[in-house]
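Data block for my_file-v3.txt (compact mmCIF, C-alpha atoms and all ligand atoms):
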```txt
# COMPACT_ATOMS: atom_id res chain seq x y z
CA MET A 1 117.15 116.37 91.45
CA GLN A 2 117.60 112.67 90.96
CA LEU A 3 114.61 110.38 91.47
CA THR A 4 115.46 106.92 92.68
CA ARG A 5 113.87 103.92 94.25
CA ALA A 6 115.30 105.07 97.57
CA ASN A 7 113.52 108.43 97.56
CA ASN A 8 110.32 107.21 95.86
CA PRO A 9 107.44 108.30 98.11
CA TYR A 10 104.59 106.32 96.53
CA SER A 11 103.26 103.11 97.99
CA ALA A 12 101.31 100.72 95.81
CA GLY A 13 100.12 97.53 97.44
CA ALA A 14 97.08 96.11 99.18
CA GLY A 15 96.82 97.64 102.64
CA THR A 16 99.98 99.75 102.26
CA MET A 17 99.53 103.12 103.93
CA PRO A 18 99.90 105.91 101.34
CA PRO A 19 102.23 108.87 101.95
CA VAL A 20 99.17 111.14 101.87
CA LEU A 21 95.77 109.72 102.72
CA ALA A 22 93.85 112.02 100.45
CA GLY A 23 90.17 112.87 100.58
CA ARG A 24 89.37 111.05 103.80
CA ASP A 25 89.21 113.95 106.26
CA LYS A 26 85.46 113.69 106.61
CA ASP A 27 85.71 109.98 107.32
CA ALA A 28 88.29 110.57 110.01
CA GLU A 29 86.15 113.29 111.53
CA ASN A 30 83.05 111.10 111.43
CA PHE A 31 84.90 108.26 113.14
CA ARG A 32 86.20 110.56 115.88
CA THR A 33 82.70 111.85 116.47
CA LEU A 34 81.39 108.30 116.73
CA LEU A 35 83.91 107.42 119.44
CA GLU A 36 83.31 110.65 121.31
CA ARG A 37 79.55 110.14 121.28
CA LEU A 38 79.84 106.57 122.50
CA GLN A 39 82.23 107.65 125.21
CA ASN A 40 79.67 110.21 126.39
CA GLY A 41 76.99 107.56 126.61
CA ALA A 42 75.20 108.84 123.51
CA GLN A 43 73.86 106.77 120.63
CA GLY A 44 76.30 106.19 117.81
CA ARG A 45 75.91 104.05 114.73
CA SER A 46 78.76 101.78 113.72
CA LEU A 47 80.15 102.18 110.20
CA VAL A 48 80.09 99.91 107.18
CA TYR A 49 82.33 100.83 104.25
CA SER A 50 81.96 99.20 100.86
CA GLY A 51 83.72 99.60 97.57
CA LEU A 52 85.69 98.04 94.76
CA ARG A 53 89.18 96.66 95.24
CA GLY A 54 91.91 99.27 95.47
CA VAL A 55 89.76 102.22 96.58
CA GLY A 56 91.42 102.36 99.99
CA LYS A 57 89.18 100.47 102.42
CA THR A 58 91.98 98.69 104.26
CA VAL A 59 94.17 101.75 104.68
CA LEU A 60 91.17 103.69 105.97
CA LEU A 61 90.70 101.03 108.65
CA LEU A 62 94.41 101.37 109.48
CA GLU A 63 93.90 105.11 109.84
CA PHE A 64 90.99 104.45 112.22
CA GLU A 65 93.25 102.23 114.27
CA LYS A 66 95.60 105.20 114.72
CA ILE A 67 92.77 107.54 115.64
CA ALA A 68 91.43 105.05 118.17
CA ALA A 69 94.88 104.90 119.75
CA GLU A 70 95.07 108.70 119.89
CA LEU A 71 91.75 108.79 121.71
CA GLU A 72 93.06 106.04 123.99
CA TRP A 73 90.48 103.55 122.91
CA ASP A 74 91.37 99.89 122.72
CA CYS A 75 91.26 98.41 119.27
CA THR A 76 91.40 94.94 117.75
CA GLY A 77 93.66 96.05 114.94
CA VAL A 78 92.49 95.43 111.39
CA VAL A 79 91.43 91.82 111.09
CA GLU A 80 90.76 90.35 107.68
CA ILE A 81 88.06 87.73 107.29
CA GLY A 82 89.12 85.04 104.82
CA THR A 83 86.85 82.66 102.98
CA THR A 84 87.73 79.90 105.42
CA THR A 85 88.04 81.97 108.58
CA ASP A 86 86.29 80.58 111.64
CA PHE A 87 84.30 83.51 112.91
CA ARG A 88 84.09 82.43 116.55
CA ALA A 89 87.86 81.96 116.70
CA SER A 90 88.49 85.36 115.06
CA ILE A 91 86.17 87.16 117.42
CA SER A 92 87.78 85.39 120.36
CA ARG A 93 91.22 86.51 119.29
CA MET A 94 90.08 90.08 118.68
CA THR A 95 88.30 90.23 122.00
CA HIS A 96 91.27 88.80 123.81
CA ARG A 97 93.41 91.62 122.48
CA LEU A 98 90.85 94.18 123.63
CA LEU A 99 90.68 92.72 127.11
CA ARG A 100 94.46 92.66 127.38
CA GLY A 101 94.41 96.36 126.54
CA LEU A 102 91.66 97.04 129.05
CA SER A 103 93.62 95.27 131.77
CA ARG A 104 95.91 98.30 131.85
CA ARG A 105 93.05 100.48 132.95
CA GLU A 106 92.74 100.67 136.69
CA ALA A 107 89.02 101.33 136.64
CA ALA A 108 88.26 98.38 134.35
CA ILE A 109 90.06 95.74 136.34
CA ALA A 110 87.21 94.94 138.67
CA ARG A 111 85.07 93.65 135.81
CA LEU A 112 87.86 92.14 133.81
CA ASN A 113 87.90 88.62 135.21
CA GLN A 114 84.21 88.26 134.60
CA ALA A 115 84.73 89.27 130.93
CA LEU A 116 87.69 86.92 130.54
CA GLY A 117 85.57 84.09 131.91
CA VAL A 118 82.81 84.86 129.40
CA LEU A 119 85.36 85.01 126.59
CA LYS A 120 86.74 81.68 127.63
CA ALA A 121 83.27 80.16 127.55
CA PHE A 122 82.57 81.76 124.16
CA ASN A 123 85.79 80.38 122.74
CA VAL A 124 85.25 76.86 124.05
CA THR A 125 82.64 76.17 121.39
CA ALA A 126 84.89 77.36 118.55
CA PRO A 127 85.75 74.34 116.42
CA GLY A 128 89.46 73.69 116.40
CA GLY A 129 89.48 76.22 119.27
CA PHE A 130 91.90 79.04 119.49
CA GLN A 131 94.44 78.63 122.28
CA LEU A 132 93.53 81.21 124.88
CA ASN A 133 96.08 81.76 127.58
CA ILE A 134 93.70 83.01 130.17
CA ASP A 135 94.17 82.34 133.80
CA VAL A 136 90.49 82.25 134.72
CA SER A 137 87.90 79.54 134.34
CA ALA A 138 85.21 79.69 131.73
CA ILE A 139 81.93 80.92 133.17
CA ALA A 140 79.64 78.10 132.17
CA GLY A 141 76.25 79.16 130.94
CA THR A 142 77.44 82.44 129.43
CA ALA A 143 78.13 82.92 125.73
CA ASP A 144 78.45 79.16 125.24
CA SER A 145 74.97 78.14 124.09
CA GLY A 146 76.33 77.34 120.64
CA ASP A 147 73.90 79.85 119.16
CA ILE A 148 76.32 82.40 117.78
CA GLU A 149 73.78 85.26 117.78
CA GLU A 150 73.09 84.89 121.45
CA ASP A 151 76.67 84.14 122.40
CA LEU A 152 78.19 87.06 120.55
CA SER A 153 75.62 89.42 122.07
CA GLU A 154 76.53 88.24 125.54
CA LEU A 155 80.24 88.49 124.88
CA LEU A 156 80.14 91.98 123.41
CA THR A 157 77.83 93.23 126.14
CA GLU A 158 80.34 92.01 128.69
CA VAL A 159 83.21 93.66 126.83
CA GLY A 160 81.17 96.85 126.63
CA ARG A 161 80.66 96.89 130.38
CA VAL A 162 84.37 96.52 131.03
CA ALA A 163 85.13 99.28 128.53
CA GLN A 164 82.52 101.49 130.13
CA ALA A 165 84.04 100.87 133.55
CA GLY A 166 87.39 101.93 132.06
CA ARG A 167 85.71 105.16 130.84
CA LYS A 168 86.85 104.66 127.25
CA GLY A 169 85.67 102.19 124.65
CA VAL A 170 86.69 99.50 122.22
CA VAL A 171 86.66 99.22 118.43
CA TYR A 172 86.39 96.13 116.25
CA LEU A 173 87.88 96.65 112.78
CA ILE A 174 86.73 93.96 110.35
CA ASP A 175 88.14 93.87 106.82
CA GLU A 176 86.85 91.78 103.89
CA MET A 177 83.62 91.50 105.83
CA GLN A 178 81.76 90.20 102.77
CA ASN A 179 83.40 86.85 103.54
CA LEU A 180 81.39 86.35 106.73
CA THR A 181 78.76 83.66 106.46
CA PRO A 182 75.12 84.79 106.62
CA VAL A 183 74.94 83.31 110.13
CA ALA A 184 77.96 85.30 111.27
CA MET A 185 76.51 88.46 109.72
CA SER A 186 73.26 87.95 111.59
CA ALA A 187 75.22 87.52 114.79
CA VAL A 188 77.13 90.77 114.23
CA CYS A 189 73.88 92.63 113.57
CA MET A 190 72.19 91.17 116.62
CA ALA A 191 75.16 91.87 118.91
CA PHE A 192 75.50 95.49 117.78
CA HIS A 193 71.77 95.95 118.08
CA LYS A 194 72.04 94.91 121.73
CA ILE A 195 75.08 97.10 122.26
CA ALA A 196 73.25 100.10 120.78
CA GLN A 197 70.22 99.57 123.01
CA GLN A 198 72.45 99.68 126.06
CA LYS A 199 74.55 102.54 124.69
CA LEU A 200 77.75 100.68 125.47
CA PRO A 201 81.02 102.06 124.08
CA VAL A 202 81.69 99.32 121.54
CA ALA A 203 82.14 100.38 117.92
CA LEU A 204 82.48 98.39 114.76
CA VAL A 205 83.91 99.47 111.47
CA GLY A 206 83.42 96.89 108.77
CA ALA A 207 84.75 97.11 105.25
CA GLY A 208 84.04 94.95 102.24
CA LEU A 209 83.07 94.63 98.61
CA PRO A 210 80.11 96.58 97.19
CA ALA A 211 77.55 93.88 97.96
CA LEU A 212 78.24 94.01 101.72
CA PRO A 213 75.35 96.35 102.60
CA THR A 214 72.91 94.08 100.77
CA GLN A 215 74.34 91.01 102.49
CA LEU A 216 73.84 92.63 105.90
CA ARG A 217 70.31 93.70 105.07
CA SER A 218 69.35 90.26 103.99
CA ALA A 219 70.88 88.82 107.16
CA LYS A 220 68.82 91.19 109.34
CA PRO A 221 66.48 93.74 107.79
CA TYR A 222 66.89 96.08 110.77
CA SER A 223 70.60 96.42 109.97
CA GLU A 224 69.44 99.10 107.53
CA ARG A 225 69.06 101.50 110.48
CA LEU A 226 71.69 99.92 112.69
CA PHE A 227 74.78 100.93 110.71
CA GLU A 228 75.86 103.97 108.78
CA TYR A 229 76.63 102.80 105.24
CA LEU A 230 79.46 104.59 103.51
CA PRO A 231 80.25 103.66 99.93
CA LEU A 232 83.87 104.36 99.09
CA GLY A 233 84.56 105.25 95.48
CA ARG A 234 86.99 107.17 93.35
CA LEU A 235 88.90 110.08 94.81
CA SER A 236 87.61 113.52 93.83
CA ALA A 237 89.76 115.43 91.35
CA GLY A 238 91.20 117.55 94.16
CA ALA A 239 91.97 114.58 96.40
CA ALA A 240 93.59 112.64 93.55
CA HIS A 241 95.73 115.65 92.71
CA SER A 242 96.92 115.98 96.27
CA ALA A 243 97.53 112.20 96.58
CA LEU A 244 99.87 112.45 93.60
CA VAL A 245 101.50 115.85 93.89
CA THR A 246 101.88 116.40 97.65
CA PRO A 247 104.21 113.42 98.24
CA ALA A 248 106.45 114.60 95.38
CA THR A 249 106.50 118.19 96.63
CA ARG A 250 107.49 117.01 100.07
CA GLN A 251 110.49 115.27 98.56
CA GLY A 252 111.41 118.42 96.69
CA ALA A 253 110.35 117.05 93.28
CA ALA A 254 107.92 118.58 90.78
CA TYR A 255 105.80 117.70 87.75
CA GLU A 256 105.98 119.85 84.63
CA ALA A 257 102.82 121.28 83.14
CA GLY A 258 100.48 118.49 82.03
CA ALA A 259 102.61 115.68 83.46
CA ALA A 260 100.64 115.13 86.65
CA GLU A 261 97.38 115.49 84.73
CA LEU A 262 98.39 112.67 82.42
CA ILE A 263 98.87 110.34 85.39
CA LEU A 264 95.63 111.50 86.98
CA GLU A 265 93.73 110.79 83.81
CA LYS A 266 95.16 107.30 83.72
CA ALA A 267 94.35 106.68 87.40
CA ASP A 268 90.74 107.74 86.92
CA GLY A 269 90.45 108.45 90.65
CA TYR A 270 91.43 104.94 91.75
CA PRO A 271 94.04 105.12 94.51
CA TYR A 272 95.76 101.84 93.72
CA VAL A 273 96.33 102.80 90.09
CA LEU A 274 97.44 106.26 91.16
CA GLN A 275 100.08 104.92 93.54
CA GLU A 276 101.39 102.39 91.04
CA CYS A 277 101.62 104.93 88.22
CA GLY A 278 103.21 107.52 90.51
CA ARG A 279 105.75 105.00 91.68
CA VAL A 280 106.72 103.76 88.21
CA VAL A 281 106.86 107.22 86.64
CA TRP A 282 109.17 108.41 89.44
CA GLU A 283 111.80 105.80 88.72
CA GLU A 284 111.39 105.72 84.96
CA ALA A 285 111.69 109.52 84.77
CA GLY A 286 114.77 109.53 86.96
CA PHE A 287 114.91 113.34 87.20
CA SER A 288 112.82 116.17 88.53
CA PRO A 289 111.01 118.06 87.17
CA ILE A 290 109.11 115.12 85.68
CA THR A 291 108.23 115.97 82.08
CA TYR A 292 105.14 115.16 80.07
CA GLU A 293 107.26 113.01 77.76
CA ALA A 294 108.70 111.06 80.68
CA VAL A 295 105.18 110.26 81.89
CA GLU A 296 104.08 109.28 78.41
CA ALA A 297 106.98 106.85 78.17
CA ALA A 298 106.50 105.43 81.67
CA LEU A 299 102.76 104.77 81.68
CA PRO A 300 102.91 101.65 79.47
CA VAL A 301 105.48 100.23 81.89
CA ALA A 302 103.11 100.99 84.76
CA GLN A 303 100.29 99.32 82.83
CA ASP A 304 102.34 96.14 82.45
CA ILE A 305 103.00 96.06 86.16
CA LEU A 306 99.35 96.69 86.96
CA ASP A 307 98.34 93.93 84.55
CA GLU A 308 100.65 91.58 86.35
CA GLU A 309 100.09 92.53 89.98
CA PHE A 310 96.67 94.07 90.20
CA PHE A 311 94.84 91.98 87.60
CA ASP A 312 96.57 88.83 86.41
CA ASN A 313 97.34 87.50 89.89
CA ARG A 314 93.61 87.27 90.46
CA VAL A 315 92.87 85.40 87.24
CA GLU A 316 95.51 82.77 87.78
CA GLY A 317 93.55 80.65 90.21
CA VAL A 318 90.34 80.37 88.18
CA THR A 319 89.19 77.60 85.83
CA ASN A 320 88.75 78.02 82.06
CA GLU A 321 84.98 78.15 82.46
CA GLU A 322 85.22 80.88 85.06
CA ARG A 323 87.63 82.84 82.90
CA ARG A 324 85.23 82.57 80.00
CA TYR A 325 82.47 83.93 82.19
CA MET A 326 84.55 87.02 82.93
CA ALA A 327 85.58 87.40 79.30
CA ALA A 328 81.89 87.34 78.33
CA MET A 329 81.11 90.00 80.93
CA ALA A 330 83.92 92.17 79.57
CA ASP A 331 82.80 91.53 76.01
CA LEU A 332 79.36 92.92 76.86
CA GLY A 333 80.93 96.18 78.03
CA ASP A 334 81.75 97.98 81.27
CA GLY A 335 79.43 98.22 84.25
CA PRO A 336 76.80 95.74 85.50
CA GLN A 337 75.74 93.08 83.00
CA SER A 338 72.72 90.81 82.99
CA THR A 339 73.56 87.26 84.05
CA ALA A 340 71.28 85.90 81.33
CA GLN A 341 73.23 87.75 78.66
CA VAL A 342 76.57 86.68 80.11
CA THR A 343 75.43 83.05 80.07
CA GLU A 344 74.41 83.34 76.47
CA ARG A 345 77.54 85.09 75.35
CA ALA A 346 79.91 82.72 77.19
CA GLY A 347 78.53 79.82 75.13
CA TYR A 348 78.45 77.15 77.82
CA LYS A 349 77.47 73.71 76.70
CA LYS A 350 75.50 73.23 79.91
CA ARG A 351 73.40 75.97 81.42
CA THR A 352 74.39 75.02 84.98
CA SER A 353 78.04 75.77 84.17
CA SER A 354 77.21 79.44 84.09
CA GLY A 355 75.67 79.52 87.56
CA LYS A 356 78.55 77.50 88.95
CA ALA A 357 81.13 79.77 87.36
CA ARG A 358 79.37 82.85 88.71
CA GLN A 359 79.16 81.45 92.25
CA ALA A 360 82.83 80.50 92.19
CA LEU A 361 83.83 83.95 90.97
CA ILE A 362 81.77 85.58 93.70
CA ARG A 363 83.52 83.35 96.23
CA HIS A 364 86.91 84.34 94.81
CA GLY A 365 85.84 87.97 95.27
CA LEU A 366 86.29 88.75 91.57
CA VAL A 367 82.69 89.57 90.74
CA PHE A 368 79.67 90.65 92.76
CA SER A 369 76.00 91.09 92.22
CA PRO A 370 75.07 94.80 92.36
CA GLU A 371 71.38 93.88 92.05
CA TYR A 372 69.30 90.82 91.33
CA GLY A 373 70.19 89.26 87.98
CA LYS A 374 73.24 91.46 87.45
CA VAL A 375 76.98 90.96 87.80
CA ASP A 376 79.94 93.29 87.80
CA PHE A 377 83.68 93.12 88.48
CA THR A 378 85.02 93.96 91.94
CA VAL A 379 88.24 95.33 90.44
CA PRO A 380 88.10 98.69 88.65
CA HIS A 381 89.05 98.58 84.94
CA PHE A 382 88.95 94.79 85.01
CA GLY A 383 86.80 94.61 81.88
CA ASP A 384 89.41 96.53 79.98
CA PHE A 385 92.10 94.14 81.20
CA MET A 386 90.08 91.07 80.17
CA ARG A 387 89.47 92.45 76.69
CA ARG A 388 93.19 93.09 76.23
CA ARG A 389 94.58 89.92 77.80
CA TYR A 390 91.81 87.35 77.53
CA PRO A 391 89.50 88.37 74.68
CA LEU A 392 86.35 86.26 74.52
CA HIS A 393 86.78 85.09 70.93
CA GLY A 394 90.15 83.54 71.80
CA LEU A 395 88.69 81.65 74.77
CA LEU A 396 85.68 80.49 72.75
CA GLN A 397 87.97 79.12 70.05
CA ALA A 398 90.03 77.29 72.65
CA ALA A 399 86.85 75.85 74.18
CA SER A 400 85.44 74.60 70.90
CA ALA A 401 88.80 73.12 69.94
CA GLY A 402 88.29 70.98 73.02
CA ASP A 403 91.12 72.35 75.13
CA GLU A 404 89.13 72.05 78.33
N1 LIG B 1 92.97 108.05 100.25
C1 LIG B 1 94.05 107.61 99.60
N2 LIG B 1 94.97 108.48 99.09
C2 LIG B 1 96.06 108.00 98.46
N3 LIG B 1 96.32 106.70 98.28
C3 LIG B 1 95.45 105.80 98.76
C4 LIG B 1 94.28 106.21 99.44
N4 LIG B 1 93.59 105.11 99.81
C5 LIG B 1 94.30 104.05 99.37
N5 LIG B 1 95.42 104.45 98.76
C6 LIG B 1 96.42 103.54 98.14
O1 LIG B 1 95.69 102.65 97.30
C7 LIG B 1 96.15 101.31 97.42
C8 LIG B 1 95.00 100.39 97.80
O2 LIG B 1 94.54 100.64 99.12
P1 LIG B 1 93.78 99.51 99.95
O3 LIG B 1 93.43 100.10 101.26
O4 LIG B 1 94.57 98.26 99.95
O5 LIG B 1 92.45 99.31 99.07
P2 LIG B 1 91.25 98.27 99.30
O6 LIG B 1 91.37 97.74 100.69
O7 LIG B 1 90.00 99.06 99.09
O8 LIG B 1 91.42 97.22 98.25
C9 LIG B 1 97.30 101.35 98.40
O9 LIG B 1 98.49 101.38 97.66
C10 LIG B 1 97.12 102.65 99.16
O10 LIG B 1 98.35 103.19 99.55
MG MG B 2 91.59 95.79 101.31
```
Can you present the structure in this file as structure tokens?
Amino acid sequence: MQLTRANNPYSAGAGTMPPVLAGRDKDAENFRTLLERLQNGAQGRSLVYSGLRGVGKTVLLLEFEKIAAELEWDCTGVVEIGTTTDFRASISRMTHRLLRGLSRREAAIARLNQALGVLKAFNVTAPGGFQLNIDVSAIAGTADSGDIEEDLSELLTEVGRVAQAGRKGVVYLIDEMQNLTPVAMSAVCMAFHKIAQQKLPVALVGAGLPALPTQLRSAKPYSERLFEYLPLGRLSAGAAHSALVTPATRQGAAYEAGAAELILEKADGYPYVLQECGRVVWEEAGFSPITYEAVEAALPVAQDILDEEFFDNRVEGVTNEERRYMAAMADLGDGPQSTAQVTERAGYKKRTSSGKARQALIRHGLVFSPEYGKVDFTVPHFGDFMRRRYPLHGLLQAASAGDE
């Protein structure tokens, strides 16, 4: 059988739904249970997923969107928080979509105008305001105090009551949640605390980089008990195998002995790498069954593409000093490194440069702090990439030659 781009089943790319969403059955089940409990008026904790880039956070949120639709819940869709996103405007937009959905429910209609009025008031104080085409007047004195904690609590409570009247519920899906400001995080915690107390059918699933749980806890210590924290990591061996082999089998293609294993070893359980390698091998091999030799020949091609798309794109926007910071981290080895050691190894002329570089890299979402005084990369295998493409000694030479 011929293997072509046209019949290639793999899907590498941020937020691209894979042909087989492997190893996430428990997550799907857990999410269903959450919605069912909330719908029955029981307590249910919202979910916070965290993990490195490329482990499948966004596609899991997309899967939850589908499940919510199946259960006839209204959903915001997956909304990504950027570093410059205005939180009030985002929440307004998300809530507007929920209320539009709820307007199709006979039983919810009675409360709907009230909720739209509260939303309008909430949105009024958003700087640069988001254009809301709502045919009701803002209800002054609700959700417009300017204190986002209070306002968001009022808004979500109102939405919860409408949803409850409609006998279903609503879900907020927030991606890249680590980008919320501490104030916005506090507001989310406070609002969901209020929602939980009243057992209203409003669920949140947030996803973000590994430091997200810590960020939430430092915003509001009680968020520890408020959410269910679910770290997302590598796929298990079985899940990785099925993510790679099942899509091929479905297309009528096969891997020869050892061929799939070679790809799986390379992917190391990381879904993004797995999809990219699967995709490249398919086309490079050209024929099924895919042989061990074909995989061996194709993997370096896949590596080049990964270097370009998964890694290098992220390094492009950073300054020389920031790049040197990452090269020093990589030079120290894989896993969390002490910031003091990174500073020393990166050889900055001024000590403050190190702190500035680290803060900028955290803002870019390239590194995070797994614990106090430590840093690590947010992208799996990034250290390896830095050592190959941007070795520290090269950058140090450039710096001392006065290139910067
Ligand atoms: N459970 C999974 N099984 C197979 N492939 C997956 C799985 N989760 C994610 N992927 C693939 O991995 C890549 C990265 O997924 P994405 O959701 O964008 O990761 P993240 O949001 O964590 O950075 C995509 O190409 C996606 O198709
Ligand atoms: Mg993502």
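For the choices A:Ala207, A:Met326, A:Ala187, A:Ile139, the atom-to-atom distance to ligand MG 2 (chain B) is smallest for A:Ala207 when using only C-alpha atoms and all ligand atoms.
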Next on the checklist: So, with all atoms listed in the file as the atoms that count, which of A:Leu61, A:Leu366, A:Val136, A:Val202 lies closest to ligand LIG 1 (chain B)?
Outcome noted: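 Closest candidate: A:Leu61.
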Next on the checklist: How would you report the residues lying within 7 Å of ligand LIG 1 (chain B), as an NGL selection string, if you count all atoms listed in the file?
Outcome noted: :A and (11-18 or 20-24 or 51-60 or 243 or 271-272 or 275)
Item to check | Nearby residues (all atoms listed in the file) at most 9 Å from Ala346 (chain A), same-chain spacing under 4 positions excluded, as a VMD selection string | outcome: chain A and resid 321 324 to 329 341 to 342 354 392 396
Checklist entry - Quick one: residues within 8 Å of Pro247 (chain A), only C-alpha atoms counted, chain neighbours fewer than 4 positions away excluded, as a PyMOL selection string? => result chain A and resi 9-10+19-20+242-243+251
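Shell of Ala297 (chain A) at 12 Å, with all atoms listed in the file counted and residues fewer than 4 places along the chain excluded, is Ala259, Leu262, Ile263, Cys277, Val280, Val281, Trp282, Glu283, Glu284, Ala285, Ile290, Thr291, Tyr292, Glu293, Val301, Ala302 and Gln303 of chain A.
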Item to check | Closest of A:Thr352, A:Ala330, A:Thr378, A:Val245 to ligand MG 2 (chain B) - atom-to-atom distances counting all atoms listed in the file | outcome: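 Checking each candidate against ligand MG 2 (chain B), we get A:Thr378 as the closest.
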Item to check | Within 12 Å of file point (85.9, 85.3, 120.0), counting all atoms listed in the file, expressed as a VMD selection string | outcome: chain A and resid 76 86 to 99 115 to 127 129 to 132 143 to 144 148 151 to 156 159 172 184 188
Checklist entry - Between CA of Gln178 (chain A) and CA of Ser369 (chain A), what is the spacing in Å? => result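 These atoms are spaced 12.1 Å apart.
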Next on the checklist: Residues proximal to (86.9, 94.7, 131.5) were defined as those with any atom within 6 Å of that point in the file's coordinates, counting all atoms listed in the file. Which are they, as a PyMOL selection string?
Outcome noted: chain A and resi 102+108-109+111-112+115+162-163
Next on the checklist: When you look at Ala237 (chain A) with a cut-off of 10 Å (counting all atoms listed in the file), what residues show up, excluding the ones that are within fewer than 3 positions of it in the same chain? I need them as a count of residues only.
Outcome noted: 10
Checklist entry - Which value, in Å to one decimal, gives the distance between CA of Thr4 (chain A) and CA of Gly286 (chain A)? => result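 Rounded to one decimal, the two atoms are 6.3 Å apart.
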Checklist entry - Suppose you want the space between CA of Arg167 (chain A) and CA of Arg45 (chain A); what is it in Å? => result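 Computed distance, CA of Arg167 (chain A) to CA of Arg45 (chain A), equals 18.9 Å.
Among A:Leu235, A:Leu180, A:Val379, A:Leu306, the residue with the shortest atom-to-atom distance to ligand MG 2 (chain B), counting all atoms listed in the file, is A:Val379.
Checking A:Tyr255, A:Tyr49, A:Phe227, A:Phe311 one by one against ligand MG 2 (chain B), counting all atoms listed in the file, you find the shortest gap at A:Tyr49.
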Checklist outcome for this item: ligand MG 2 (chain B) proximity check over A:Gln397, A:Thr343, A:Thr33, A:Ser50, using only C-alpha atoms and all ligand atoms: winner is A:Ser50
With 8 Å on each side, where is the centre of the axis-aligned box around all listed atoms of region 156-168 of chain A, and how long are its edges in Å to one decimal, as AutoDock Vina command-line options?
```
--center_x 82.6 --center_y 98.6 --center_z 128.5 --size_x 25.6 --size_y 29.2 --size_z 26.1
```
